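The data block below is run.cif; it holds mmCIF, C-alpha atoms.
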data_target
#
loop_
_atom_site.label_atom_id
_atom_site.label_comp_id
_atom_site.auth_asym_id
_atom_site.auth_seq_id
_atom_site.Cartn_x
_atom_site.Cartn_y
_atom_site.Cartn_z
CA MET A 1 129.20 151.50 81.86
CA SER A 2 132.07 153.29 80.15
CA ASN A 3 132.06 153.89 76.42
CA SER A 4 135.06 152.65 74.41
CA LYS A 5 134.88 155.54 71.94
CA GLY A 6 138.25 157.27 71.88
CA LYS A 7 139.79 154.87 74.41
CA LYS A 8 143.43 154.11 73.71
CA SER A 9 143.66 150.32 73.79
CA ILE A 10 146.46 147.79 73.51
CA VAL A 11 145.68 144.19 72.61
CA LEU A 12 148.61 141.80 72.99
CA GLY A 13 148.30 138.54 71.10
CA GLY A 14 145.85 140.29 68.82
CA SER A 15 146.98 139.00 65.43
CA SER A 16 144.38 136.21 65.21
CA GLY A 17 141.58 134.41 67.06
CA ILE A 18 140.15 135.93 70.24
CA GLY A 19 142.72 138.74 70.37
CA LEU A 20 142.05 139.83 66.80
CA GLU A 21 138.29 139.79 67.32
CA THR A 22 138.69 141.84 70.50
CA ALA A 23 140.76 144.40 68.61
CA ARG A 24 138.15 144.48 65.85
CA LEU A 25 135.28 144.99 68.29
CA LEU A 26 137.13 147.76 70.11
CA ALA A 27 137.79 149.51 66.78
CA GLU A 28 134.12 149.15 65.82
CA ARG A 29 133.21 150.87 69.10
CA GLY A 30 135.47 153.79 68.29
CA ALA A 31 138.56 152.90 70.33
CA GLU A 32 142.09 153.70 69.20
CA VAL A 33 143.62 150.22 68.95
CA VAL A 34 147.22 149.02 68.82
CA VAL A 35 147.80 145.29 68.41
CA GLY A 36 151.03 143.84 69.77
CA SER A 37 152.07 140.81 67.76
CA ARG A 38 155.21 138.65 67.57
CA ARG A 39 155.13 138.76 63.77
CA GLY A 40 153.97 142.34 63.51
CA ILE A 41 151.09 141.45 61.17
CA LEU A 42 147.38 140.69 61.46
CA ALA A 43 145.65 137.60 60.08
CA GLN A 44 143.61 140.16 58.10
CA GLU A 45 143.94 143.92 57.74
CA ILE A 46 141.31 145.88 59.65
CA PRO A 47 140.75 149.64 59.34
CA GLY A 48 141.49 151.57 62.51
CA ILE A 49 143.93 149.03 63.96
CA ARG A 50 147.68 149.62 64.08
CA VAL A 51 150.16 146.79 64.57
CA ASP A 52 153.44 146.96 66.47
CA GLN A 53 155.78 143.98 66.67
CA VAL A 54 156.51 142.72 70.19
CA ASP A 55 157.02 139.42 71.97
CA VAL A 56 155.41 139.32 75.43
CA LEU A 57 158.20 137.01 76.62
CA ASP A 58 160.88 139.58 75.69
CA ARG A 59 160.85 141.91 78.67
CA GLU A 60 163.13 144.57 77.24
CA GLY A 61 161.20 144.60 73.97
CA LEU A 62 157.93 144.79 75.89
CA ARG A 63 159.25 147.62 78.05
CA ALA A 64 160.15 149.60 74.92
CA PHE A 65 156.74 148.80 73.41
CA PHE A 66 154.88 150.37 76.33
CA GLU A 67 157.23 153.36 76.37
CA ARG A 68 156.43 153.95 72.68
CA HIS A 69 152.68 153.99 73.24
CA GLY A 70 152.50 155.80 76.57
CA GLU A 71 149.32 156.24 78.60
CA ILE A 72 146.44 153.89 77.75
CA ASP A 73 142.87 153.20 78.83
CA TYR A 74 142.65 149.47 78.19
CA LEU A 75 145.20 146.66 78.24
CA VAL A 76 144.19 143.22 76.94
CA ASN A 77 146.51 140.24 76.81
CA ALA A 78 145.22 137.24 74.83
CA ALA A 79 148.63 135.82 73.87
CA THR A 80 148.80 132.04 74.24
CA GLY A 81 152.54 131.97 74.93
CA GLY A 82 153.14 129.19 72.43
CA LYS A 83 152.85 125.41 72.59
CA ARG A 84 151.19 123.79 75.60
CA ALA A 85 151.87 120.26 76.81
CA VAL A 86 149.05 117.68 76.73
CA GLY A 87 148.94 114.28 78.43
CA PRO A 88 149.13 112.68 81.89
CA PHE A 89 151.46 114.52 84.23
CA MET A 90 153.30 111.36 85.34
CA ASP A 91 154.24 110.64 81.72
CA MET A 92 154.86 114.23 80.69
CA ASP A 93 158.21 115.74 79.82
CA LEU A 94 158.72 118.26 82.62
CA ASP A 95 160.26 120.79 80.26
CA GLY A 96 157.01 120.63 78.30
CA PHE A 97 154.99 121.17 81.46
CA GLN A 98 157.18 124.11 82.44
CA GLY A 99 156.98 125.53 78.92
CA SER A 100 153.19 125.59 79.14
CA PHE A 101 153.56 128.42 81.66
CA ALA A 102 154.87 130.76 78.95
CA LYS A 103 151.28 132.05 78.77
CA LEU A 104 151.41 133.05 82.44
CA TRP A 105 154.86 134.65 82.09
CA GLY A 106 153.63 136.68 79.11
CA TYR A 107 150.70 137.87 81.24
CA THR A 108 152.83 138.73 84.26
CA ASN A 109 155.37 140.54 82.07
CA SER A 110 152.64 142.65 80.50
CA ILE A 111 151.17 143.61 83.87
CA ARG A 112 154.51 144.37 85.50
CA LEU A 113 155.71 146.49 82.57
CA GLY A 114 152.41 147.84 81.22
CA ALA A 115 149.98 148.38 84.10
CA GLY A 116 151.74 151.57 85.11
CA TYR A 117 150.65 153.10 81.80
CA VAL A 118 146.95 152.33 82.39
CA LYS A 119 144.94 155.35 83.53
CA ALA A 120 143.42 155.22 87.01
CA ASP A 121 139.95 154.72 85.53
CA GLY A 122 141.21 152.15 83.03
CA ALA A 123 141.02 148.37 82.90
CA VAL A 124 143.00 145.23 82.17
CA ALA A 125 141.68 141.93 80.79
CA LEU A 126 143.43 138.55 80.60
CA VAL A 127 142.21 135.30 79.05
CA SER A 128 142.02 132.06 81.03
CA GLY A 129 140.15 128.93 79.89
CA TYR A 130 137.54 126.52 81.21
CA PRO A 131 140.03 123.69 82.00
CA ALA A 132 141.09 125.87 84.96
CA ARG A 133 137.95 124.71 86.78
CA ARG A 134 136.74 121.78 84.64
CA TYR A 135 139.63 119.35 84.53
CA LYS A 136 139.76 116.73 81.77
CA PRO A 137 142.29 113.87 81.72
CA GLY A 138 145.40 114.87 79.82
CA TYR A 139 144.95 118.60 80.35
CA ILE A 140 146.81 118.99 83.65
CA ALA A 141 149.28 121.56 82.25
CA ILE A 142 146.56 123.71 80.68
CA SER A 143 144.39 123.40 83.80
CA THR A 144 147.22 124.41 86.14
CA VAL A 145 148.17 127.43 84.03
CA GLY A 146 144.53 128.55 83.89
CA ASN A 147 144.26 128.28 87.67
CA ALA A 148 147.40 130.40 88.00
CA VAL A 149 146.02 133.08 85.66
CA GLU A 150 142.74 133.35 87.55
CA GLY A 151 144.51 133.44 90.93
CA PHE A 152 146.86 136.10 89.63
CA VAL A 153 143.90 138.26 88.57
CA ARG A 154 142.26 137.99 91.99
CA GLY A 155 145.46 138.94 93.77
CA MET A 156 146.37 141.77 91.41
CA ALA A 157 142.93 143.36 91.75
CA HIS A 158 144.06 144.58 95.19
CA GLU A 159 147.44 145.83 94.00
CA LEU A 160 146.23 147.60 90.85
CA ALA A 161 143.14 149.33 92.29
CA PRO A 162 141.68 151.70 91.22
CA VAL A 163 142.69 150.19 87.86
CA ARG A 164 140.42 147.20 87.33
CA ILE A 165 141.63 143.75 86.23
CA ASN A 166 139.51 140.74 85.23
CA ALA A 167 139.82 137.43 83.43
CA VAL A 168 137.58 135.99 80.74
CA SER A 169 137.45 132.19 80.59
CA PRO A 170 136.47 130.77 77.18
CA GLY A 171 135.20 127.29 76.54
CA LEU A 172 136.14 125.49 73.35
CA ILE A 173 136.35 128.25 70.73
CA ASP A 174 136.70 127.82 66.98
CA THR A 175 140.05 129.55 66.46
CA PRO A 176 143.20 128.93 64.38
CA MET A 177 144.69 127.22 67.46
CA PHE A 178 143.03 124.04 66.18
CA THR A 179 144.82 122.91 63.03
CA GLN A 180 142.27 120.43 61.67
CA GLN A 181 140.58 121.40 58.42
CA GLY A 182 137.27 120.70 56.67
CA THR A 183 135.12 117.81 57.86
CA GLU A 184 137.84 116.65 60.25
CA ARG A 185 137.67 120.02 62.02
CA GLU A 186 133.87 120.00 62.10
CA LYS A 187 133.84 116.50 63.60
CA PHE A 188 136.44 117.40 66.23
CA LEU A 189 134.56 120.50 67.37
CA ALA A 190 131.20 118.68 67.37
CA ASP A 191 132.51 115.65 69.28
CA THR A 192 134.31 117.78 71.85
CA THR A 193 131.26 119.91 72.66
CA LYS A 194 128.41 117.40 72.24
CA ASN A 195 127.83 117.11 76.01
CA HIS A 196 127.95 120.87 76.67
CA LEU A 197 124.69 122.63 77.47
CA ILE A 198 125.17 124.61 74.26
CA PRO A 199 126.50 121.81 72.04
CA ARG A 200 128.77 123.72 69.68
CA ALA A 201 132.06 125.54 69.65
CA GLY A 202 132.01 129.20 70.56
CA THR A 203 133.18 132.00 68.29
CA PRO A 204 135.99 134.47 68.94
CA ARG A 205 133.46 137.30 68.78
CA GLU A 206 131.40 135.78 71.59
CA VAL A 207 134.50 135.84 73.79
CA ALA A 208 135.47 139.32 72.60
CA LYS A 209 132.07 140.63 73.73
CA ALA A 210 132.82 139.37 77.24
CA ILE A 211 136.22 141.06 77.17
CA LEU A 212 134.51 144.31 76.18
CA PHE A 213 132.11 143.82 79.08
CA VAL A 214 134.89 143.62 81.70
CA LEU A 215 136.69 146.57 80.11
CA GLU A 216 133.66 148.84 79.96
CA ASN A 217 131.82 147.91 83.18
CA ASP A 218 133.21 150.15 85.92
CA PHE A 219 131.85 147.93 88.72
CA VAL A 220 133.66 144.68 87.83
CA THR A 221 137.12 143.76 89.09
CA GLY A 222 139.03 140.72 90.33
CA THR A 223 136.62 138.25 88.79
CA THR A 224 136.42 135.67 86.01
CA VAL A 225 133.65 135.77 83.40
CA ASP A 226 132.87 132.40 81.80
CA VAL A 227 131.99 132.20 78.11
CA ASP A 228 131.91 128.43 77.72
CA GLY A 229 128.54 127.25 76.45
CA GLY A 230 127.92 125.52 79.78
CA ALA A 231 131.11 123.45 79.59
CA LEU A 232 131.70 123.86 83.33
CA LEU A 233 128.38 122.13 84.00
CA ALA A 234 128.84 119.28 81.53
#

Give the structure from this file in structure tokens form.
Amino acid sequence: MSNSKGKKSIVLGGSSGIGLETARLLAERGAEVVVGSRRGILAQEIPGIRVDQVDVLDREGLRAFFERHGEIDYLVNAATGGKRAVGPFMDMDLDGFQGSFAKLWGYTNSIRLGAGYVKADGAVALVSGYPARRYKPGYIAISTVGNAVEGFVRGMAHELAPVRINAVSPGLIDTPMFTQQGTEREKFLADTTKNHLIPRAGTPREVAKAILFVLENDFVTGTTVDVDGGALLA
């Protein structure tokens, strides 16, 4: 296992949720962390983390971002890409379905433009999601994008070697992505996870720990690590 102390790390989509917690955990382990964020701010200020404004869908801006920061040890992309379409495919606006793939394009942009800056003994981590392999009615767009992300990781493991690349696939995680508040939020999270083997929502830190695992473990590449409370088995 590698140690993250002193590792130069970039976390894209790190301004909140899973990305922010990953940046925080890396900083706690002594890494030098730069968060790439569309707004250029964090949900909360954290010592040891620098923020640089960048949009993963802006290729020229992303190219300049990587040029500014140079050689790195770790590259994490947890950016959601924006709004994702929900509902039956046959009733779905096709522009909405296509727009759901902004997450994938942000990932592919970051690999194409940023992987060349990752040291030969470094690692890349992307974030998928359990609908990729546990389809639920109405989630065809999210499921298809997740499948594409995981397939991309398996294929790129060959092209990037010796740099390692892995995906982490969260279950339902209590993040700002869900806009409900108070008791409405608690009920939504409880109802959605009641049939999971671990009947609760996960936390961003639980996912961040898995991301740290695939970054630091030198014998893991081309795979997907599930952090889903048993959602795949529900």

Subject >> Result set of the PyMOL selection byres ((chain A and resi 162) around 6) on the coordinates above, as a PyMOL selection string >> reply: chain A and resi 120+161+163

Original post:
the PyMOL selection byres ((chain A and resi 75) around 8) on the file shown: which residues, as a VMD selection string?
Top reply: chain A and resid 9 to 12 72 to 74 76 to 77 114 to 115 118 123 to 125

**OP:** For stretch 40-55 of chain A, please output as a ChimeraX atom specification all residues within 12 Å (counting all atoms listed in the file; exclusion window: fewer than 2 positions along the same chain).
**Re:** /A:6,8-38,57-66,68-69,77,79-82,102-103,105-107,109-110,175-176

Using all atoms listed in the file, which protein or nucleic acid residues come within 12 Å of A:Asn195? Drop anything in the same chain fewer than 2 positions from it, and give the result as a PDB file with C-alpha atoms, keeping the file's coordinate frame.
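For reference, out.pdb as written:
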ATOM      1  CA  LEU A 189     134.560 120.500  67.370  1.00  0.00           C
ATOM      2  CA  ALA A 190     131.200 118.680  67.370  1.00  0.00           C
ATOM      3  CA  ASP A 191     132.510 115.650  69.280  1.00  0.00           C
ATOM      4  CA  THR A 192     134.310 117.780  71.850  1.00  0.00           C
ATOM      5  CA  THR A 193     131.260 119.910  72.660  1.00  0.00           C
ATOM      6  CA  LEU A 197     124.690 122.630  77.470  1.00  0.00           C
ATOM      7  CA  ILE A 198     125.170 124.610  74.260  1.00  0.00           C
ATOM      8  CA  PRO A 199     126.500 121.810  72.040  1.00  0.00           C
ATOM      9  CA  ARG A 200     128.770 123.720  69.680  1.00  0.00           C
ATOM     10  CA  ALA A 201     132.060 125.540  69.650  1.00  0.00           C
ATOM     11  CA  GLY A 229     128.540 127.250  76.450  1.00  0.00           C
ATOM     12  CA  GLY A 230     127.920 125.520  79.780  1.00  0.00           C
ATOM     13  CA  ALA A 231     131.110 123.450  79.590  1.00  0.00           C
ATOM     14  CA  LEU A 232     131.700 123.860  83.330  1.00  0.00           C
ATOM     15  CA  LEU A 233     128.380 122.130  84.000  1.00  0.00           C
ATOM     16  CA  ALA A 234     128.840 119.280  81.530  1.00  0.00           C
TER      17      ALA A 234
END

Subject >> 10 Å contact set for A:Lys83, only C-alpha atoms, chain neighbours under 4 positions out, as a list in words >> reply: Gly96, Gly99, Ser100, Phe101, Ala102, Lys103 and Met177 of chain A

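Checking A:Leu215, A:Met90, A:Val153, A:Ala210 one by one against A:Thr108, counting all atoms listed in the file, you find the shortest gap at A:Val153.
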
**OP:** Considering all atoms listed in the file, return as a list in words whatever protein or nucleic-acid residues lie within 8 Å of stretch 135-148 of chain A, sequence-local ones (same chain, fewer than 4 positions apart) excluded.
**Re:** Arg84, Ala85, Val86, Gly87, Pro88, Phe89, Phe97, Ser100, Phe101, Lys103, Leu104, Ser128, Gly129, Tyr130, Pro131 and Phe152 of chain A

What does the file look like for those residues with C-alpha atoms, as a compact mmCIF listing (two decimals), in the frame of the given file?
# COMPACT_ATOMS: atom_id res chain seq x y z
CA ARG A 84 151.19 123.79 75.60
CA ALA A 85 151.87 120.26 76.81
CA VAL A 86 149.05 117.68 76.73
CA GLY A 87 148.94 114.28 78.43
CA PRO A 88 149.13 112.68 81.89
CA PHE A 89 151.46 114.52 84.23
CA PHE A 97 154.99 121.17 81.46
CA SER A 100 153.19 125.59 79.14
CA PHE A 101 153.56 128.42 81.66
CA LYS A 103 151.28 132.05 78.77
CA LEU A 104 151.41 133.05 82.44
CA SER A 128 142.02 132.06 81.03
CA GLY A 129 140.15 128.93 79.89
CA TYR A 130 137.54 126.52 81.21
CA PRO A 131 140.03 123.69 82.00
CA PHE A 152 146.86 136.10 89.63

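Proximity of A:Ala208, A:Ala78, A:Leu113, A:Ala132 to A:Thr224, computed with only C-alpha atoms, is greatest for A:Ala132.
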
Original post:
For the atom pair atom CA of A:Leu160 and atom CA of A:Asp226, what is the interatomic distance in Å to one decimal place?
Top reply: 22.2 Å

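In this structure, atom CA of A:Gly222 sits 5.1 Å away from atom CA of A:Asn166.
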
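Take atom CA of A:Val207 and atom CA of A:Val225: the distance between them is 9.6 Å.
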